[in-house]
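Colleague: Please find one structure pasted underneath; my questions will follow.
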Amino acid sequence: MPKPNLTWKPLKTDVLIVGGGTAGCFAAAALGKTPGLSVLIAEKANIERSGCLAAGVNALNAYITPGHTPDFYVDYCTRDADGIARRDLLTSMAGRLNAVTKTLEDWGLVILKDADGHYVTRGPRNIKINGENIKPLLARAATENANVKVLNHVNITDLMIRDGRVVGAYGFSVNEPVAYAISARAVFVATGGAAGLYRPNNPGFSRHKMWYPPFNTGAGYAMGIRAGAEMTTFEMRFIALRLKDTIAPTGTIAQGVGAAQVNGKGAPYEAAYGHTTSERLYGTVSENRAGRGPCVLATQGIGEDAEKDLYKAYLNMAPSQTLRWLESGRGPDTENVEIEGTEPYIVGGHTASGYWIDDGRRTTLPGLYAGGDVAGGAPQKYVTGALAEGEIAAETILEDLAHLDFAGEDETARPDYAAYLSRPAGLIDTEQLEEAMQKVMDEYAGGISRGYQYSGAELDIAARRIADLAKLSESLSASDMDDLLRIYELTDRLTVCPVLIAHLKARKETRWHSFAENADYPEKDPAYACYINSVTRDGKTAIIKRKLR
Amino acid sequence: MSIAINSKKCVGCGRCVEACPGNLIKMDGQGRAVQRHPRDCWGCTACLKACPAGAVDFFLGADIGGRGATLRLKRDKGLIHWQVARPDGTTRTVTIDPKDANRY
């Protein structure tokens, strides 16, 4: 079959939003209120069901419940990260959590209320919802104003840079042989974080049955790394505690039903390890390693009514778990539900990895703004925090636009997509390289098979092997645009991995069990009460330690 | 973790192609939707929700406990009916009113 000929299409917009997920859609809705301002969302899939919220979400986990203040939330996030979080970012985010929740409700989100009309809480920071349709609601609101346009099925790969300033971005259609050079006065990057760096829980047929969207490949991090943006806290990996096999959420059972978490001997073990997110995960990993598995949520005997409600709750956000229960004929009333840790992800909405930004969500590259999972420093954003960041970034962009203008495009700087489409296929393909990358990261950079632990010597091997794989990826061949997408998804990950490895190596302590379990330095060290940041230039990652603020 | 598209029921509207967050479904030359990367399905069921013809079934791979049952979705009078059909012919339907919040 002849390979397609690529056509370049230049576009122009005041504000370009890269990624129409949670933060991107909310930023678009906010920017859309300014008449005459042109806003373009470039989205790899279709904003109707793209990103983290595709299947729905089971609760809003960042909400200031009655009797609490935003500071209570900031304190919780800071404590959970053992101090390595940005209080300035968390404070500006926390102050908006309830207002954005109200906006979601106005847009049609169903939130559970008591007889007096107050939201029903699920713990001190959470409220109960029906989040099945949350993404379509966001997508509709994002495009309510005619000045907001959407380019669906366009994968953005690189930032357009002129004189050190971000002046747009480059990408390609995943369906047609068309590449885009989009000039913009300001760019908001909201691509989400990175899944698929490590060998997953289910590496075979169900390899994409993972917690984080497998389609969030770290594209936003990768384009920033390539452009020399400062990144922070990549070493605070996120590893989720999930229901075994289906990797569905545990909170619905643990907090919702109040099921105890017990080991294979039937003994509760959480208190022995502590209650931060990483400690809860570490406890389960440790019990299993000590031969006291399987760890479960003790649901046996919850009753048929509770079981039925769980079937519904999971259908609204993780349907595979309900199918699993009904298919096996052994529901949670009959059988306890086993839990396990996932492979590590890099995701700034749960831990603190991402772009180093100021309080207005400006990155270190002029003209580039970041929010949601791709932005660092503010863990436990969840849905509402990502919305808040989208809104803050939109407001900052509106202020900054006064002194931001279009810059002409330098056509010689366009990425060479055609090279992949023109060369013949070799023996090494994208799929092989992805598997090889996940194997290296698993075995030498603290994956599931190593109990999340690594040593400096292992990280050195990981760095070398990932560099080899990155070199090999430059010779890959694409027969169509779909192949080109897979190549770039791999390239994104191979760009993120070395930065992650450099960060893991730089934090010579173990502050968060499992998330960054450094076998050479198994204790916490006060000398590392600092941010580990990095800037990558010409393929070399330089570490910068910054004081806590 | 994957889907099965019933080509006899597929009406060729392309809504599942549009909806898939992973760009995993394509139209074949005969105007039917086909899944190009079965192992890359996340299991979000966006395609089941988008399909107007009920042509998309969802199933679990054997590696995560699948035993050949399928999950289907039907909308009727504002309600969502999720039906699990087991290989032995038995079924179980769970109906959800989108106006109800999760109890948990």
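Each chain in the structure tokens gets a letter, A, B and so on, in the order shown; residues start at 1 in every chain, and ligands are counted from 1 in the order they appear.
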For Asp76 in chain B, please output as a short mmCIF file (atom, residue, chain, number, x, y, z; two decimals) with N, CA and C atoms, in the first residue's frame all residues within 12 Å (counting only C-alpha atoms; exclusion window: fewer than 3 positions along the same chain).
Modeller:
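As a result, part-v9.cif now contains:
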data_model
loop_
_atom_site.label_atom_id
_atom_site.label_comp_id
_atom_site.auth_asym_id
_atom_site.auth_seq_id
_atom_site.Cartn_x
_atom_site.Cartn_y
_atom_site.Cartn_z
N PRO B 52 -25.65 3.76 18.43
CA PRO B 52 -27.12 3.86 18.42
C PRO B 52 -27.79 2.51 18.11
N LEU B 73 -25.30 -2.33 26.71
CA LEU B 73 -25.98 -1.17 27.28
C LEU B 73 -27.16 -0.79 26.41
N LEU B 79 -33.54 5.86 31.20
CA LEU B 79 -32.82 4.93 32.08
C LEU B 79 -31.71 4.23 31.28
N ILE B 80 -30.68 3.78 31.99
CA ILE B 80 -29.62 3.00 31.35
C ILE B 80 -29.72 1.57 31.87
N HIS B 81 -29.92 0.63 30.94
CA HIS B 81 -29.98 -0.79 31.32
C HIS B 81 -28.66 -1.45 30.91
N TRP B 82 -27.92 -1.96 31.88
CA TRP B 82 -26.70 -2.70 31.61
C TRP B 82 -27.04 -4.18 31.72
N THR B 95 -30.26 -1.74 36.23
CA THR B 95 -30.80 -0.50 35.65
C THR B 95 -30.38 0.70 36.49
N ILE B 96 -29.91 1.72 35.80
CA ILE B 96 -29.45 2.92 36.49
C ILE B 96 -30.25 4.13 36.02
N ASP B 97 -30.72 4.90 36.97
CA ASP B 97 -31.35 6.17 36.65
C ASP B 97 -30.27 7.25 36.75
N PRO B 98 -29.92 7.87 35.61
CA PRO B 98 -28.82 8.85 35.63
C PRO B 98 -29.08 10.02 36.57
#
Colleague: Please provide as a PyMOL selection string all residues within 9 Å of Ser2 in chain B, with the sequence filter that same-chain residues fewer than 6 positions apart are discarded (counting only C-alpha atoms).
Modeller: (chain A and resi 205-206) or (chain B and resi 38-43+57-61)
Colleague: What's around Cys44 in chain B at 8 Å? Count only C-alpha atoms, leave out sequence neighbours fewer than 4 positions away in its own chain, and write the answer as a PyMOL selection string.
Modeller: chain A and resi 54-55+317-319
Colleague: Residues at most 9 Å from Ala62 in chain B, counting only C-alpha atoms, excluding those fewer than 3 positions away in the same chain, as a PyMOL selection string?
Modeller: (chain A and resi 205-206) or (chain B and resi 1+65-68)
Colleague: Please produce a file of the residues just selected, as an mmCIF file, in the first residue's frame, where the atoms kept are C-alpha atoms.
Modeller:
data_model
loop_
_atom_site.group_PDB
_atom_site.id
_atom_site.type_symbol
_atom_site.label_atom_id
_atom_site.label_comp_id
_atom_site.auth_asym_id
_atom_site.auth_seq_id
_atom_site.Cartn_x
_atom_site.Cartn_y
_atom_site.Cartn_z
ATOM 1 C CA PHE A 205 -4.380 -9.308 26.589
ATOM 2 C CA SER A 206 -5.624 -6.724 29.104
ATOM 3 C CA MET B 1 -10.198 -6.062 28.202
ATOM 4 C CA GLY B 65 -11.274 -13.095 35.082
ATOM 5 C CA GLY B 66 -13.246 -13.122 31.828
ATOM 6 C CA ARG B 67 -15.344 -16.255 31.197
ATOM 7 C CA GLY B 68 -17.002 -15.327 27.934
#
Colleague: Quick one: pull the distance between CA of Gly447 in chain A and CA of Glu435 in chain A, Å, one decimal.
Modeller: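 Straight-line distance from CA of Gly447 in chain A to CA of Glu435 in chain A works out to 13.5 Å.
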Colleague: Kindly indicate which residue among B:Ala69, B:Met27, B:Lys77, B:Arg103 lies nearest to Gly89 in chain B, using only C-alpha atoms for the distances.
Modeller: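 Of B:Ala69, B:Met27, B:Lys77, B:Arg103, the one nearest Gly89 in chain B is B:Ala69, counting only C-alpha atoms.
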Colleague: At a cut-off of 8 Å, using only C-alpha atoms, what residues contact range 27-41 of chain A? Leave out same-chain residues fewer than 3 positions from it and give the result as number ranges by chain.
Modeller: A: 13-20, 23-24, 141-152, 387, 390-391, 393-395, 398
Colleague: Please produce a file of those selected residues containing C-alpha atoms, as a PDB file, in the first residue's frame.
Modeller:
ATOM      1  CA  THR A  13      -5.606  31.275  17.274  1.00  0.00           C
ATOM      2  CA  ASP A  14      -5.239  33.681  20.207  1.00  0.00           C
ATOM      3  CA  VAL A  15      -5.111  30.846  22.731  1.00  0.00           C
ATOM      4  CA  LEU A  16      -4.249  27.234  21.984  1.00  0.00           C
ATOM      5  CA  ILE A  17      -5.308  24.612  24.543  1.00  0.00           C
ATOM      6  CA  VAL A  18      -3.384  21.366  24.160  1.00  0.00           C
ATOM      7  CA  GLY A  19      -5.635  18.607  25.476  1.00  0.00           C
ATOM      8  CA  GLY A  20      -9.414  18.836  25.950  1.00  0.00           C
ATOM      9  CA  ALA A  23      -8.461  21.216  32.930  1.00  0.00           C
ATOM     10  CA  GLY A  24      -8.516  22.002  29.203  1.00  0.00           C
ATOM     11  CA  ALA A 141     -19.748  23.719  28.448  1.00  0.00           C
ATOM     12  CA  ALA A 142     -16.326  24.122  26.823  1.00  0.00           C
ATOM     13  CA  THR A 143     -17.881  24.719  23.414  1.00  0.00           C
ATOM     14  CA  GLU A 144     -20.874  26.766  24.511  1.00  0.00           C
ATOM     15  CA  ASN A 145     -19.394  29.965  23.090  1.00  0.00           C
ATOM     16  CA  ALA A 146     -18.805  30.212  19.346  1.00  0.00           C
ATOM     17  CA  ASN A 147     -15.291  31.643  19.769  1.00  0.00           C
ATOM     18  CA  VAL A 148     -14.113  28.262  21.118  1.00  0.00           C
ATOM     19  CA  LYS A 149     -13.265  25.792  18.355  1.00  0.00           C
ATOM     20  CA  VAL A 150     -12.148  22.178  18.683  1.00  0.00           C
ATOM     21  CA  LEU A 151      -9.734  20.197  16.548  1.00  0.00           C
ATOM     22  CA  ASN A 152     -10.598  16.632  17.488  1.00  0.00           C
ATOM     23  CA  LEU A 387     -10.870  22.502  37.015  1.00  0.00           C
ATOM     24  CA  GLY A 390      -7.797  25.486  34.299  1.00  0.00           C
ATOM     25  CA  GLU A 391      -9.695  28.533  35.510  1.00  0.00           C
ATOM     26  CA  ALA A 393      -4.563  29.616  33.995  1.00  0.00           C
ATOM     27  CA  ALA A 394      -7.354  31.110  31.866  1.00  0.00           C
ATOM     28  CA  GLU A 395      -7.427  34.239  34.050  1.00  0.00           C
ATOM     29  CA  LEU A 398      -6.300  36.919  29.795  1.00  0.00           C
TER      30      LEU A 398
END
Colleague: Closest to Lys49 in chain B among B:Ala19, B:Ala101, B:Val84, B:Ile3, using only C-alpha atoms?
Modeller: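 Checking each candidate against Lys49 in chain B, we get B:Ala19 as the closest.
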Colleague: Which residues come within 6 Å of range 436-443 of chain A, counting only C-alpha atoms, excluding same-chain residues fewer than 4 positions away, as a ChimeraX atom specification?
Modeller: /A:197-199,447,462
Colleague: DSSP on the backbone: what in range 19-104 of chain B comes out helix (DSSP H, G or I), as a ChimeraX atom specification?
Modeller: /B:19,38-40,46-50,62-64
Colleague: Write out as a ChimeraX atom specification which residues come within 10 Å of range 171-173 of chain A when counting only C-alpha atoms, dropping same-chain ones fewer than 3 positions away.
Modeller: /A:6-9,42-45,151-159,176-182,414-415,417,481-482,484-485
Colleague: Could the residues in this selection be written to a file with C-alpha atoms, as a compact mmCIF listing (two decimals), in the first residue's frame?
Modeller:
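For reference, result06.txt as written:
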# COMPACT_ATOMS: atom_id res chain seq x y z
CA LEU A 6 1.75 14.68 4.29
CA THR A 7 0.22 18.15 3.81
CA TRP A 8 1.03 20.97 6.24
CA LYS A 9 -1.81 23.25 7.32
CA ALA A 42 -6.42 20.54 20.04
CA GLU A 43 -7.43 17.09 21.28
CA LYS A 44 -5.90 13.74 20.40
CA ALA A 45 -9.27 11.94 20.57
CA LEU A 151 -9.73 20.20 16.55
CA ASN A 152 -10.60 16.63 17.49
CA HIS A 153 -8.27 13.73 16.62
CA VAL A 154 -5.20 15.95 16.32
CA ASN A 155 -2.15 14.87 18.30
CA ILE A 156 0.12 17.74 19.35
CA THR A 157 3.77 16.68 19.64
CA ASP A 158 5.97 19.77 19.92
CA LEU A 159 5.87 23.38 20.99
CA GLU A 176 -5.68 11.94 7.60
CA PRO A 177 -2.22 12.81 6.25
CA VAL A 178 -2.43 16.38 7.52
CA ALA A 179 0.04 18.11 9.85
CA TYR A 180 -0.73 21.33 11.68
CA ALA A 181 1.42 24.34 12.53
CA ILE A 182 -0.72 26.29 14.97
CA ARG A 414 8.65 21.87 11.88
CA PRO A 415 8.96 18.29 13.17
CA TYR A 417 6.75 13.56 10.56
CA MET A 481 -1.20 8.24 10.54
CA ASP A 482 -2.38 5.67 13.07
CA LEU A 484 2.56 7.66 13.46
CA LEU A 485 0.40 8.20 16.56
Colleague: Mind pulling up the distance from CA of Leu500 in chain A to CA of Ala169 in chain A?
Modeller: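 CA of Leu500 in chain A lies at a distance of 24.0 Å from CA of Ala169 in chain A.
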Colleague: Where does DSSP see strand (DSSP E) in chain B, if you list the residues as a PyMOL selection string?
Modeller: chain B and resi 2-5+25-27+33-35+56-59+70-76+79-85+91-96
Colleague: Which is closest to chain A among B:Ala33, B:Ile64, B:Cys16, B:Cys51, if we use only C-alpha atoms?
Modeller: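 With only C-alpha atoms as the atom set, the closest residue is B:Ile64.
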